[in-house]
$ cat entry08.txt   # compact mmCIF, C-alpha atoms
# COMPACT_ATOMS: atom_id res chain seq x y z
CA MET G 1 48.03 140.91 209.09
CA ASP G 2 50.73 138.28 208.60
CA ALA G 3 52.09 138.78 205.07
CA GLU G 4 51.42 135.14 204.16
CA PHE G 5 47.71 135.68 204.78
CA GLU G 6 47.19 139.05 203.08
CA GLY G 7 46.32 137.68 199.64
CA ILE G 8 44.26 134.85 201.05
CA VAL G 9 42.20 137.16 203.24
CA ALA G 10 41.72 139.69 200.44
CA ASN G 11 40.18 137.02 198.21
CA PHE G 12 38.20 135.15 200.86
CA PRO G 13 34.45 135.45 200.15
CA PRO G 14 32.28 136.80 202.99
CA LEU G 15 30.39 134.11 204.88
CA GLN G 16 26.59 134.20 205.15
CA PHE G 17 25.90 133.31 208.76
CA ASP G 18 22.67 135.34 208.64
CA ASP G 19 21.39 132.66 206.25
CA PRO G 20 22.99 129.32 207.20
CA ALA G 21 21.06 127.39 204.54
CA ALA G 22 22.47 129.63 201.81
CA GLN G 23 25.98 129.26 203.21
CA ARG G 24 25.68 125.48 203.35
CA ALA G 25 24.53 125.45 199.72
CA SER G 26 27.46 127.68 198.77
CA PHE G 27 29.91 125.36 200.53
CA ALA G 28 28.37 122.31 198.86
CA GLU G 29 28.68 123.95 195.43
CA LEU G 30 32.31 124.86 196.11
CA HIS G 31 33.21 121.35 197.28
CA ALA G 32 31.57 119.82 194.21
CA SER G 33 33.63 122.06 191.94
CA ILE G 34 37.10 121.25 193.27
CA GLU G 35 39.27 118.16 193.31
CA PRO G 36 38.92 116.18 196.53
CA PRO G 37 42.04 116.25 198.71
CA ARG G 38 44.70 113.62 198.19
CA LEU G 39 44.67 111.51 201.32
CA PRO G 40 47.40 109.21 202.66
CA GLY G 41 47.27 105.83 201.01
CA ASN G 42 47.28 103.96 204.31
CA ILE G 43 43.99 105.47 205.51
CA GLU G 44 40.56 103.89 205.14
CA ILE G 45 37.52 106.14 205.70
CA LEU G 46 34.31 104.56 206.98
CA VAL G 47 30.94 106.13 207.71
CA ASP G 48 29.06 104.98 210.82
CA ARG G 49 25.51 105.80 211.94
CA SER G 50 25.22 103.50 214.94
CA VAL G 51 25.45 106.12 217.72
CA ARG G 52 22.14 107.41 219.03
CA SER G 53 21.87 110.81 220.65
CA VAL G 54 19.69 111.45 223.70
CA ASP G 55 16.54 111.99 221.59
CA GLY G 56 17.10 108.94 219.39
CA HIS G 57 18.77 110.80 216.52
CA HIS G 58 21.38 108.69 214.72
CA VAL G 59 24.64 110.67 214.67
CA GLU G 60 26.78 110.15 211.59
CA THR G 61 30.52 109.83 212.12
CA ARG G 62 33.48 109.45 209.79
CA LEU G 63 36.20 107.06 210.92
CA TYR G 64 39.79 107.40 209.68
CA LEU G 65 41.59 104.10 210.17
CA PRO G 66 45.27 103.47 209.40
CA THR G 67 46.13 100.07 208.01
CA ASP G 68 48.64 99.58 210.84
CA LEU G 69 46.26 100.53 213.66
CA SER G 70 47.13 98.66 216.85
CA ALA G 71 44.51 97.22 219.19
CA HIS G 72 45.58 99.49 222.05
CA SER G 73 46.11 102.78 220.20
CA PRO G 74 44.37 106.00 221.29
CA THR G 75 41.54 107.66 219.38
CA LEU G 76 40.97 111.33 218.58
CA VAL G 77 37.35 112.52 218.41
CA TRP G 78 37.37 115.55 216.11
CA ILE G 79 34.53 118.11 215.93
CA HIS G 80 34.35 120.44 212.93
CA GLY G 81 33.80 124.19 213.15
CA GLY G 82 31.28 126.48 211.49
CA GLY G 83 29.76 128.70 214.15
CA TYR G 84 27.40 125.91 215.28
CA VAL G 85 25.39 126.51 212.08
CA VAL G 86 27.41 125.31 209.07
CA GLY G 87 30.06 122.72 208.29
CA THR G 88 30.25 118.97 207.79
CA ALA G 89 32.49 116.21 209.09
CA ASP G 90 34.05 115.55 205.68
CA GLU G 91 35.38 119.12 205.37
CA ASP G 92 38.22 118.09 207.70
CA ASP G 93 39.14 114.93 205.76
CA SER G 94 42.68 116.17 205.06
CA LEU G 95 43.42 117.05 208.68
CA CYS G 96 41.83 113.94 210.17
CA ALA G 97 43.50 111.63 207.67
CA ARG G 98 46.88 113.26 208.28
CA ILE G 99 46.57 112.86 212.05
CA ALA G 100 45.50 109.24 211.67
CA SER G 101 48.34 108.48 209.24
CA ASP G 102 51.13 110.38 210.99
CA LEU G 103 50.33 109.06 214.47
CA GLY G 104 48.94 105.64 213.56
CA ILE G 105 45.71 106.26 215.50
CA GLY G 106 42.01 106.18 214.76
CA VAL G 107 40.19 109.50 214.29
CA VAL G 108 36.41 109.89 214.58
CA SER G 109 34.86 113.04 213.05
CA VAL G 110 31.35 113.94 214.25
CA ASP G 111 28.61 115.19 211.91
CA TYR G 112 26.55 116.83 214.65
CA ARG G 113 23.24 118.60 214.08
CA LEU G 114 23.33 122.31 213.28
CA ALA G 115 21.41 125.37 214.41
CA PRO G 116 19.07 127.11 213.83
CA GLU G 117 17.11 124.02 212.79
CA HIS G 118 18.61 122.17 215.74
CA PRO G 119 19.60 124.69 218.44
CA TYR G 120 21.40 123.86 221.68
CA PRO G 121 21.57 121.24 223.09
CA ALA G 122 21.17 119.05 219.96
CA GLY G 123 24.70 119.38 218.56
CA PHE G 124 26.25 119.17 222.01
CA GLU G 125 24.28 116.02 222.85
CA ASP G 126 25.36 114.45 219.54
CA CYS G 127 29.04 115.03 220.34
CA TYR G 128 28.64 113.80 223.91
CA ALA G 129 26.87 110.65 222.66
CA VAL G 130 29.72 109.81 220.28
CA VAL G 131 32.43 110.25 222.94
CA THR G 132 30.58 108.16 225.53
CA ALA G 133 29.66 105.46 222.98
CA LEU G 134 33.29 105.23 221.96
CA ALA G 135 34.37 104.83 225.59
CA ALA G 136 31.77 102.10 226.05
CA ALA G 137 32.77 100.35 222.80
CA GLY G 138 29.45 101.51 221.34
CA GLY G 139 28.21 98.18 219.95
CA SER G 140 29.34 99.19 216.47
CA ALA G 141 31.42 96.89 214.31
CA GLN G 142 33.09 100.02 212.92
CA PHE G 143 33.93 101.38 216.39
CA ASP G 144 35.23 97.96 217.39
CA ARG G 145 38.00 98.45 214.83
CA LEU G 146 39.35 101.41 216.80
CA GLY G 147 42.00 101.02 219.48
CA ASP G 148 40.99 100.73 223.12
CA GLY G 149 43.55 103.29 224.35
CA ASN G 150 43.12 106.87 225.55
CA ILE G 151 40.48 109.15 224.07
CA VAL G 152 41.41 112.73 223.10
CA ILE G 153 38.78 115.26 221.97
CA GLY G 154 39.28 118.37 219.90
CA GLY G 155 38.08 120.75 217.26
CA GLY G 156 38.34 124.18 215.76
CA SER G 157 36.19 127.24 216.51
CA ALA G 158 32.67 125.97 217.34
CA GLY G 159 34.13 122.47 217.25
CA ALA G 160 36.55 123.50 219.99
CA GLY G 161 33.61 124.95 221.91
CA LEU G 162 31.78 121.64 221.68
CA ALA G 163 34.90 119.71 222.68
CA ALA G 164 35.39 121.95 225.72
CA ALA G 165 31.71 121.54 226.66
CA VAL G 166 31.91 117.74 226.42
CA ALA G 167 35.02 117.78 228.62
CA LEU G 168 33.14 119.85 231.21
CA ARG G 169 30.18 117.48 231.31
CA LEU G 170 32.40 114.40 231.56
CA ARG G 171 34.26 116.06 234.45
CA ASP G 172 30.96 116.87 236.17
CA GLU G 173 29.83 113.27 235.81
CA GLY G 174 33.08 111.88 237.20
CA LEU G 175 34.10 110.28 233.88
CA THR G 176 37.85 110.45 233.31
CA PHE G 177 38.44 108.51 230.10
CA VAL G 178 39.19 111.65 228.03
CA THR G 179 42.88 112.41 228.51
CA GLY G 180 43.31 115.61 226.50
CA GLN G 181 41.60 118.53 224.76
CA ILE G 182 42.66 120.15 221.47
CA LEU G 183 41.09 123.63 221.30
CA LEU G 184 41.88 125.64 218.16
CA TYR G 185 40.67 129.28 218.32
CA PRO G 186 37.67 128.23 220.45
CA PHE G 187 34.27 129.90 220.06
CA ILE G 188 33.08 129.74 223.67
CA ASP G 189 31.70 133.08 224.91
CA SER G 190 28.11 133.74 223.88
CA THR G 191 28.05 137.05 225.78
CA LEU G 192 30.65 138.56 223.39
CA GLY G 193 32.22 140.10 226.47
CA PHE G 194 35.94 140.14 225.70
CA ASP G 195 37.87 143.13 224.37
CA SER G 196 39.05 141.39 221.20
CA MET G 197 35.38 141.21 220.12
CA ARG G 198 35.58 145.02 219.82
CA ARG G 199 39.25 145.27 218.84
CA TYR G 200 38.71 142.96 215.85
CA ALA G 201 35.01 143.65 215.32
CA ASP G 202 35.63 143.74 211.55
CA GLY G 203 38.21 140.96 211.56
CA ALA G 204 38.89 138.85 208.49
CA ILE G 205 37.18 135.47 207.95
CA PHE G 206 34.93 135.75 211.05
CA ASN G 207 33.85 138.99 212.71
CA ALA G 208 31.81 140.26 215.66
CA HIS G 209 28.57 140.38 213.66
CA ASP G 210 29.10 136.76 212.57
CA ALA G 211 29.69 135.75 216.18
CA GLU G 212 26.53 137.47 217.39
CA VAL G 213 24.40 135.92 214.64
CA CYS G 214 25.78 132.43 215.24
CA TRP G 215 25.12 132.58 218.98
CA GLN G 216 21.59 133.82 218.29
CA HIS G 217 20.98 130.83 216.00
CA TYR G 218 22.43 128.41 218.56
CA LEU G 219 21.11 129.82 221.86
CA GLY G 220 18.48 132.45 221.12
CA ALA G 221 17.40 134.29 224.26
CA GLU G 222 19.79 132.23 226.40
CA ARG G 223 22.91 133.72 224.87
CA SER G 224 23.18 136.56 227.42
CA ALA G 225 23.05 134.13 230.38
CA PRO G 226 24.08 130.82 228.81
CA PRO G 227 24.33 127.31 230.26
CA ALA G 228 27.97 126.35 230.77
CA TYR G 229 27.73 123.42 228.34
CA ALA G 230 26.52 125.84 225.65
CA SER G 231 29.15 128.52 226.26
CA PRO G 232 32.11 127.12 228.23
CA SER G 233 33.37 130.60 229.17
CA ALA G 234 30.39 130.75 231.53
CA THR G 235 31.87 127.99 233.68
CA THR G 236 33.37 129.21 236.95
CA ASN G 237 34.93 125.91 238.04
CA LEU G 238 37.58 124.48 235.70
CA VAL G 239 39.25 122.17 238.24
CA GLY G 240 39.75 118.57 237.14
CA LEU G 241 39.59 119.06 233.37
CA PRO G 242 41.92 117.03 231.13
CA PRO G 243 45.15 118.64 229.84
CA ALA G 244 44.65 121.04 226.95
CA TYR G 245 46.43 122.36 223.87
CA VAL G 246 44.95 125.79 223.10
CA VAL G 247 45.61 127.95 220.04
CA ALA G 248 44.54 131.60 219.81
CA ALA G 249 44.68 133.59 216.56
CA GLY G 250 46.12 137.05 217.12
CA ALA G 251 43.90 138.95 214.63
CA ASP G 252 40.71 137.15 215.64
CA CYS G 253 37.70 138.59 217.46
CA LEU G 254 37.75 135.36 219.52
CA HIS G 255 41.38 135.80 220.61
CA ASP G 256 40.77 136.94 224.19
CA GLU G 257 38.20 134.30 225.07
CA ALA G 258 40.71 131.60 224.10
CA ILE G 259 43.43 133.21 226.22
CA ASP G 260 41.08 133.70 229.18
CA TYR G 261 39.87 130.09 229.14
CA ALA G 262 43.41 128.74 228.93
CA LEU G 263 44.70 130.93 231.75
CA ARG G 264 41.74 130.08 233.96
CA MET G 265 42.38 126.38 233.39
CA ILE G 266 46.01 126.90 234.38
CA ARG G 267 44.95 128.68 237.56
CA ALA G 268 42.64 125.75 238.29
CA GLY G 269 45.59 123.34 238.11
CA VAL G 270 45.01 122.01 234.59
CA SER G 271 48.08 121.36 232.43
CA VAL G 272 47.75 123.70 229.45
CA GLU G 273 49.92 124.39 226.42
CA LEU G 274 48.86 127.80 225.09
CA HIS G 275 49.99 129.40 221.84
CA SER G 276 48.91 132.80 220.56
CA PHE G 277 49.93 133.34 216.93
CA PRO G 278 50.17 137.05 216.12
CA ASP G 279 48.58 138.70 213.09
CA VAL G 280 46.72 135.63 211.80
CA PRO G 281 42.94 135.43 211.24
CA HIS G 282 40.34 133.15 212.72
CA GLY G 283 40.49 129.61 211.36
CA PHE G 284 44.00 130.16 210.03
CA THR G 285 45.07 126.51 210.08
CA GLY G 286 42.14 125.52 207.90
CA VAL G 287 42.07 128.59 205.65
CA ALA G 288 45.79 128.43 204.82
CA PRO G 289 47.38 125.20 206.11
CA ARG G 290 50.61 125.69 204.15
CA THR G 291 51.60 128.97 205.80
CA SER G 292 54.40 129.04 208.35
CA ALA G 293 52.07 129.77 211.29
CA SER G 294 49.69 126.96 210.32
CA LYS G 295 52.50 124.46 209.90
CA ARG G 296 53.81 125.29 213.38
CA ALA G 297 50.37 125.05 214.94
CA LEU G 298 49.56 121.74 213.24
CA SER G 299 52.94 120.26 214.09
CA ASP G 300 52.37 121.16 217.74
CA LEU G 301 48.84 119.76 217.51
CA LEU G 302 50.22 116.40 216.39
CA GLU G 303 52.67 116.40 219.29
CA ALA G 304 49.87 117.26 221.74
CA VAL G 305 47.67 114.41 220.48
CA ARG G 306 50.67 112.09 220.72
CA ARG G 307 51.30 113.18 224.30
CA PHE G 308 47.67 113.16 225.45
CA GLY G 309 47.13 109.80 223.77
CA GLY G 310 50.04 108.28 225.70
CA LEU G 311 51.86 107.19 222.57
CA ARG G 312 55.25 107.81 224.15
CA GLU G 313 56.82 109.23 227.26
CA ALA G 314 56.81 113.02 226.93
CA ALA G 315 59.47 115.22 228.47
CA PRO G 316 58.09 117.58 231.14
CA LYS G 317 56.93 120.87 229.65
CA PRO G 318 56.29 124.21 231.35
CA VAL G 319 52.66 124.90 232.15
CA LEU G 320 52.59 127.84 229.76
CA VAL G 321 54.71 127.11 226.71
CA ALA G 322 54.14 130.31 224.82
CA VAL G 323 51.91 133.33 224.94
CA SER G 324 53.25 134.64 221.64
CA GLU G 325 54.94 132.91 218.73
CA GLU G 326 57.80 134.80 217.17

$ encode --input "entry08.txt" --output "structure tokens"
Amino acid sequence: MDAEFEGIVANFPPLQFDDPAAQRASFAELHASIEPPRLPGNIEILVDRSVRSVDGHHVETRLYLPTDLSAHSPTLVWIHGGGYVVGTADEDDSLCARIASDLGIGVVSVDYRLAPEHPYPAGFEDCYAVVTALAAAGGSAQFDRLGDGNIVIGGGSAGAGLAAAVALRLRDEGLTFVTGQILLYPFIDSTLGFDSMRRYADGAIFNAHDAEVCWQHYLGAERSAPPAYASPSATTNLVGLPPAYVVAAGADCLHDEAIDYALRMIRAGVSVELHSFPDVPHGFTGVAPRTSASKRALSDLLEAVRRFGGLREAAPKPVLVAVSEE
């Protein structure tokens, strides 16, 4: 384990994915007991409930708007993690506000429905509805304050899985308005078929048992032969997807599925920037954002959003930037 993470991992409480309701209550109690993050002064946060999912459910979103937002700036749609069963949009306030402030763009964080109360496809449909409403200018006064430039989608863990799934469906429907994917340690293989699932079966933060339980909550009997939009690793055709920035955590049971998905996109002709950070646990950028590895990953994330959003001319980069960070 990376030395900067040893103390953090040793003191990190085990997560209760077997009982998502208990874990949500634990998170809520923790959040209520700590000071809220200090956010950049130039960011306004708005809550919007105007987007309707396919079954009529109103999807809540959080909008992060810089005071200097231009009419033609891009927008990042961000999807939080939590194994498809826990997590809320506001848990990523610090990250979303930083991206909005540093890049001068709007960020939309999606509070999608969670399993097991709302198994697949509820959360996926919520995320898809937000992205398509944004592209269509959604009819919301809040959304109308966002720029009309490129749309980038992204997330961490299950959020990355949902972002990848939305990108696949948009590709299948011939919709090309999403110009980039940000996939941090994606949770995308419901079959648990990659070697890292055994190599790091007892990994810190998130382990093989957690993964199995989360997929069971989300997919039930379908997890062994999943739909591609539920488990993007099941997709055989990755041609035509938008460019991607992919981060794999080296000491993570999900490491190999991230690497496999990135390499298969590359072979399909997709422009991919892949980074594998050695000896760091799952969720490392959120668990310990001030560590050296997290700072590098987040700095590169900002540059990827800048590039995918078309904020400036980017110098040509090799298809595979790095398989391992020194």

$ closest_atom_pairs --input "entry08.txt" --of "range 91-206 of chain G" --to "range 277-287 of chain G" --cutoff "10 Å" --atoms "all atoms listed in the file" --output "Markdown table"
| residue | atom | partner | partner_atom | distance |
| --- | --- | --- | --- | --- |
| G:Glu91 | CA | G:Gly286 | CA | 9.6 |
| G:Asp92 | CA | G:Gly286 | CA | 8.4 |
| G:Ser94 | CA | G:Gly286 | CA | 9.8 |
| G:Leu95 | CA | G:Gly286 | CA | 8.6 |
| G:Gly156 | CA | G:Gly283 | CA | 7.3 |
| G:Ser157 | CA | G:Gly283 | CA | 7.1 |
| G:Leu184 | CA | G:Gly283 | CA | 8.0 |
| G:Tyr185 | CA | G:His282 | CA | 6.8 |
| G:Pro186 | CA | G:His282 | CA | 9.5 |
| G:Tyr200 | CA | G:Pro281 | CA | 9.8 |
| G:Gly203 | CA | G:Pro281 | CA | 7.3 |
| G:Ala204 | CA | G:Pro281 | CA | 6.0 |
| G:Ile205 | CA | G:His282 | CA | 6.2 |
| G:Phe206 | CA | G:His282 | CA | 6.2 |

$ closest_residue --input "entry08.txt" --among "G:His118, G:Pro37, G:Gly123, G:Val77" --to "Asp93 in chain G" --atoms "all atoms listed in the file"
G:Pro37

$ residues_around --input "entry08.txt" --residues "Thr176 in chain G" --least-positions-apart "6" --cutoff "12 Å" --atoms "all atoms listed in the file" --output "MDAnalysis selection string"
chainID G and resid 131:132 135 150:152 166:170 240:243

$ write_last_selection --input "entry08.txt" --atoms "C-alpha atoms" --output "PDB file, in the frame of the given file"
ATOM      1  CA  VAL G 131      32.430 110.250 222.940  1.00  0.00           C
ATOM      2  CA  THR G 132      30.580 108.160 225.530  1.00  0.00           C
ATOM      3  CA  ALA G 135      34.370 104.830 225.590  1.00  0.00           C
ATOM      4  CA  ASN G 150      43.120 106.870 225.550  1.00  0.00           C
ATOM      5  CA  ILE G 151      40.480 109.150 224.070  1.00  0.00           C
ATOM      6  CA  VAL G 152      41.410 112.730 223.100  1.00  0.00           C
ATOM      7  CA  VAL G 166      31.910 117.740 226.420  1.00  0.00           C
ATOM      8  CA  ALA G 167      35.020 117.780 228.620  1.00  0.00           C
ATOM      9  CA  LEU G 168      33.140 119.850 231.210  1.00  0.00           C
ATOM     10  CA  ARG G 169      30.180 117.480 231.310  1.00  0.00           C
ATOM     11  CA  LEU G 170      32.400 114.400 231.560  1.00  0.00           C
ATOM     12  CA  GLY G 240      39.750 118.570 237.140  1.00  0.00           C
ATOM     13  CA  LEU G 241      39.590 119.060 233.370  1.00  0.00           C
ATOM     14  CA  PRO G 242      41.920 117.030 231.130  1.00  0.00           C
ATOM     15  CA  PRO G 243      45.150 118.640 229.840  1.00  0.00           C
TER      16      PRO G 243
END

$ closest_atom_pairs --input "entry08.txt" --of "range 66-132 of chain G" --to "range 40-56 of chain G" --cutoff "8 Å" --atoms "only C-alpha atoms" --output "Markdown table"
| residue | atom | partner | partner_atom | distance |
| --- | --- | --- | --- | --- |
| G:Pro66 | CA | G:Ile43 | CA | 4.6 |
| G:Thr67 | CA | G:Asn42 | CA | 5.5 |
| G:Asp68 | CA | G:Asn42 | CA | 8.0 |
| G:Ala97 | CA | G:Ile43 | CA | 6.5 |
| G:Arg98 | CA | G:Pro40 | CA | 6.9 |
| G:Ala100 | CA | G:Ile43 | CA | 7.4 |
| G:Ser101 | CA | G:Ile43 | CA | 6.5 |
| G:Glu125 | CA | G:Ser53 | CA | 6.1 |
| G:Asp126 | CA | G:Ser53 | CA | 5.2 |
| G:Ala129 | CA | G:Ser53 | CA | 5.4 |
| G:Val130 | CA | G:Val51 | CA | 6.2 |

$ residues_around --input "entry08.txt" --residues "Ala165 in chain G" --least-positions-apart "6" --cutoff "12 Å" --atoms "only C-alpha atoms" --output "VMD selection string"
chain G and resid 79 120 to 121 123 to 128 131 153 to 155 158 to 159 171 to 172 181 183 186 to 189 227 to 235 238 241

$ write_last_selection --input "entry08.txt" --atoms "C-alpha atoms" --output "mmCIF file, in the frame of the given file"
data_model
loop_
_atom_site.group_PDB
_atom_site.id
_atom_site.type_symbol
_atom_site.label_atom_id
_atom_site.label_comp_id
_atom_site.auth_asym_id
_atom_site.auth_seq_id
_atom_site.Cartn_x
_atom_site.Cartn_y
_atom_site.Cartn_z
ATOM 1 C CA ILE G 79 34.530 118.110 215.930
ATOM 2 C CA TYR G 120 21.400 123.860 221.680
ATOM 3 C CA PRO G 121 21.570 121.240 223.090
ATOM 4 C CA GLY G 123 24.700 119.380 218.560
ATOM 5 C CA PHE G 124 26.250 119.170 222.010
ATOM 6 C CA GLU G 125 24.280 116.020 222.850
ATOM 7 C CA ASP G 126 25.360 114.450 219.540
ATOM 8 C CA CYS G 127 29.040 115.030 220.340
ATOM 9 C CA TYR G 128 28.640 113.800 223.910
ATOM 10 C CA VAL G 131 32.430 110.250 222.940
ATOM 11 C CA ILE G 153 38.780 115.260 221.970
ATOM 12 C CA GLY G 154 39.280 118.370 219.900
ATOM 13 C CA GLY G 155 38.080 120.750 217.260
ATOM 14 C CA ALA G 158 32.670 125.970 217.340
ATOM 15 C CA GLY G 159 34.130 122.470 217.250
ATOM 16 C CA ARG G 171 34.260 116.060 234.450
ATOM 17 C CA ASP G 172 30.960 116.870 236.170
ATOM 18 C CA GLN G 181 41.600 118.530 224.760
ATOM 19 C CA LEU G 183 41.090 123.630 221.300
ATOM 20 C CA PRO G 186 37.670 128.230 220.450
ATOM 21 C CA PHE G 187 34.270 129.900 220.060
ATOM 22 C CA ILE G 188 33.080 129.740 223.670
ATOM 23 C CA ASP G 189 31.700 133.080 224.910
ATOM 24 C CA PRO G 227 24.330 127.310 230.260
ATOM 25 C CA ALA G 228 27.970 126.350 230.770
ATOM 26 C CA TYR G 229 27.730 123.420 228.340
ATOM 27 C CA ALA G 230 26.520 125.840 225.650
ATOM 28 C CA SER G 231 29.150 128.520 226.260
ATOM 29 C CA PRO G 232 32.110 127.120 228.230
ATOM 30 C CA SER G 233 33.370 130.600 229.170
ATOM 31 C CA ALA G 234 30.390 130.750 231.530
ATOM 32 C CA THR G 235 31.870 127.990 233.680
ATOM 33 C CA LEU G 238 37.580 124.480 235.700
ATOM 34 C CA LEU G 241 39.590 119.060 233.370
#

$ atom_distance --input "entry08.txt" --atom1 "CA of Tyr64 in chain G" --atom2 "CA of Ser109 in chain G"
8.2 Å

$ residues_around --input "entry08.txt" --residues "His217 in chain G" --least-positions-apart "4" --cutoff "8 Å" --atoms "all atoms listed in the file" --output "PDB file with C-alpha atoms, in the coordinates of the input"
ATOM      1  CA  VAL G  85      25.390 126.510 212.080  1.00  0.00           C
ATOM      2  CA  ALA G 115      21.410 125.370 214.410  1.00  0.00           C
ATOM      3  CA  PRO G 116      19.070 127.110 213.830  1.00  0.00           C
ATOM      4  CA  PRO G 119      19.600 124.690 218.440  1.00  0.00           C
ATOM      5  CA  VAL G 213      24.400 135.920 214.640  1.00  0.00           C
TER       6      VAL G 213
END

$ closest_residue --input "entry08.txt" --among "G:Ala221, G:Val59, G:Leu65, G:Ala32" --to "Val107 in chain G" --atoms "all atoms listed in the file"
G:Leu65

$ atom_distance --input "entry08.txt" --atom1 "CA of Asp148 in chain G" --atom2 "CA of His72 in chain G"
4.9 Å

$ axis_aligned_box --input "entry08.txt" --around "range 296-308 of chain G" --padding-each-side "6 Å" --output "lines of an AutoDock Vina configuration file"
center_x = 50.7
center_y = 118.7
center_z = 219.3
size_x = 18.1
size_y = 25.2
size_z = 24.2

$ atom_distance --input "entry08.txt" --atom1 "CA of Ala304 in chain G" --atom2 "CA of Ala251 in chain G"
23.6 Å

$ closest_residue --input "entry08.txt" --among "G:Phe143, G:Tyr84, G:Phe12, G:Tyr261" --to "Phe194 in chain G" --atoms "all atoms listed in the file"
G:Tyr261

$ residues_near_point --input "entry08.txt" --point "(35.2, 132.8, 197.8)" --cutoff "12 Å" --atoms "all atoms listed in the file" --output "PyMOL selection string"
chain G and resi 8-16+23+26-27+29-31+205+287

$ write_last_selection --input "entry08.txt" --atoms "C-alpha atoms" --output "CSV table (one decimal), keeping the file's coordinate frame"
chain,number,residue,atom,x,y,z
G,8,ILE,CA,44.3,134.8,201.0
G,9,VAL,CA,42.2,137.2,203.2
G,10,ALA,CA,41.7,139.7,200.4
G,11,ASN,CA,40.2,137.0,198.2
G,12,PHE,CA,38.2,135.2,200.9
G,13,PRO,CA,34.4,135.4,200.2
G,14,PRO,CA,32.3,136.8,203.0
G,15,LEU,CA,30.4,134.1,204.9
G,16,GLN,CA,26.6,134.2,205.2
G,23,GLN,CA,26.0,129.3,203.2
G,26,SER,CA,27.5,127.7,198.8
G,27,PHE,CA,29.9,125.4,200.5
G,29,GLU,CA,28.7,124.0,195.4
G,30,LEU,CA,32.3,124.9,196.1
G,31,HIS,CA,33.2,121.4,197.3
G,205,ILE,CA,37.2,135.5,208.0
G,287,VAL,CA,42.1,128.6,205.6

$ closest_residue --input "entry08.txt" --among "G:Ile266, G:Ala163, G:Val108, G:Ala25" --to "Thr75 in chain G" --atoms "all atoms listed in the file"
G:Val108

$ decode --input "entry08.txt" --residues "range 223-233 of chain G" --atoms "N, CA, C and O atoms" --output "mmCIF file, in the first residue's frame"
data_model
loop_
_atom_site.group_PDB
_atom_site.id
_atom_site.type_symbol
_atom_site.label_atom_id
_atom_site.label_comp_id
_atom_site.auth_asym_id
_atom_site.auth_seq_id
_atom_site.Cartn_x
_atom_site.Cartn_y
_atom_site.Cartn_z
ATOM 1 N N ARG G 223 -27.171 -10.675 -12.833
ATOM 2 C CA ARG G 223 -25.772 -10.247 -12.737
ATOM 3 C C ARG G 223 -24.792 -11.197 -13.414
ATOM 4 O O ARG G 223 -23.701 -10.786 -13.806
ATOM 5 N N SER G 224 -25.164 -12.472 -13.600
ATOM 6 C CA SER G 224 -24.263 -13.409 -14.266
ATOM 7 C C SER G 224 -24.312 -13.294 -15.787
ATOM 8 O O SER G 224 -23.393 -13.729 -16.478
ATOM 9 N N ALA G 225 -25.381 -12.725 -16.333
ATOM 10 C CA ALA G 225 -25.512 -12.497 -17.778
ATOM 11 C C ALA G 225 -26.187 -11.139 -17.958
ATOM 12 O O ALA G 225 -27.347 -11.041 -18.352
ATOM 13 N N PRO G 226 -25.459 -10.053 -17.657
ATOM 14 C CA PRO G 226 -26.089 -8.740 -17.526
ATOM 15 C C PRO G 226 -26.353 -8.051 -18.856
ATOM 16 O O PRO G 226 -25.650 -8.276 -19.848
ATOM 17 N N PRO G 227 -27.346 -7.148 -18.882
ATOM 18 C CA PRO G 227 -27.481 -6.233 -20.015
ATOM 19 C C PRO G 227 -26.268 -5.307 -20.066
ATOM 20 O O PRO G 227 -25.710 -4.945 -19.022
ATOM 21 N N ALA G 228 -25.875 -4.907 -21.271
ATOM 22 C CA ALA G 228 -24.677 -4.070 -21.414
ATOM 23 C C ALA G 228 -24.824 -2.725 -20.706
ATOM 24 O O ALA G 228 -23.843 -2.187 -20.180
ATOM 25 N N TYR G 229 -26.027 -2.165 -20.684
ATOM 26 C CA TYR G 229 -26.201 -0.869 -20.028
ATOM 27 C C TYR G 229 -26.166 -0.992 -18.505
ATOM 28 O O TYR G 229 -26.043 0.005 -17.803
ATOM 29 N N ALA G 230 -26.283 -2.209 -17.985
ATOM 30 C CA ALA G 230 -26.156 -2.431 -16.545
ATOM 31 C C ALA G 230 -24.713 -2.674 -16.151
ATOM 32 O O ALA G 230 -24.255 -2.235 -15.093
ATOM 33 N N SER G 231 -23.974 -3.370 -17.007
ATOM 34 C CA SER G 231 -22.596 -3.778 -16.726
ATOM 35 C C SER G 231 -21.786 -3.578 -18.006
ATOM 36 O O SER G 231 -21.673 -4.487 -18.826
ATOM 37 N N PRO G 232 -21.235 -2.375 -18.219
ATOM 38 C CA PRO G 232 -20.616 -2.061 -19.509
ATOM 39 C C PRO G 232 -19.540 -3.027 -19.983
ATOM 40 O O PRO G 232 -19.310 -3.141 -21.189
ATOM 41 N N SER G 233 -18.902 -3.763 -19.075
ATOM 42 C CA SER G 233 -17.923 -4.760 -19.508
ATOM 43 C C SER G 233 -18.534 -5.819 -20.421
ATOM 44 O O SER G 233 -17.824 -6.469 -21.187
#
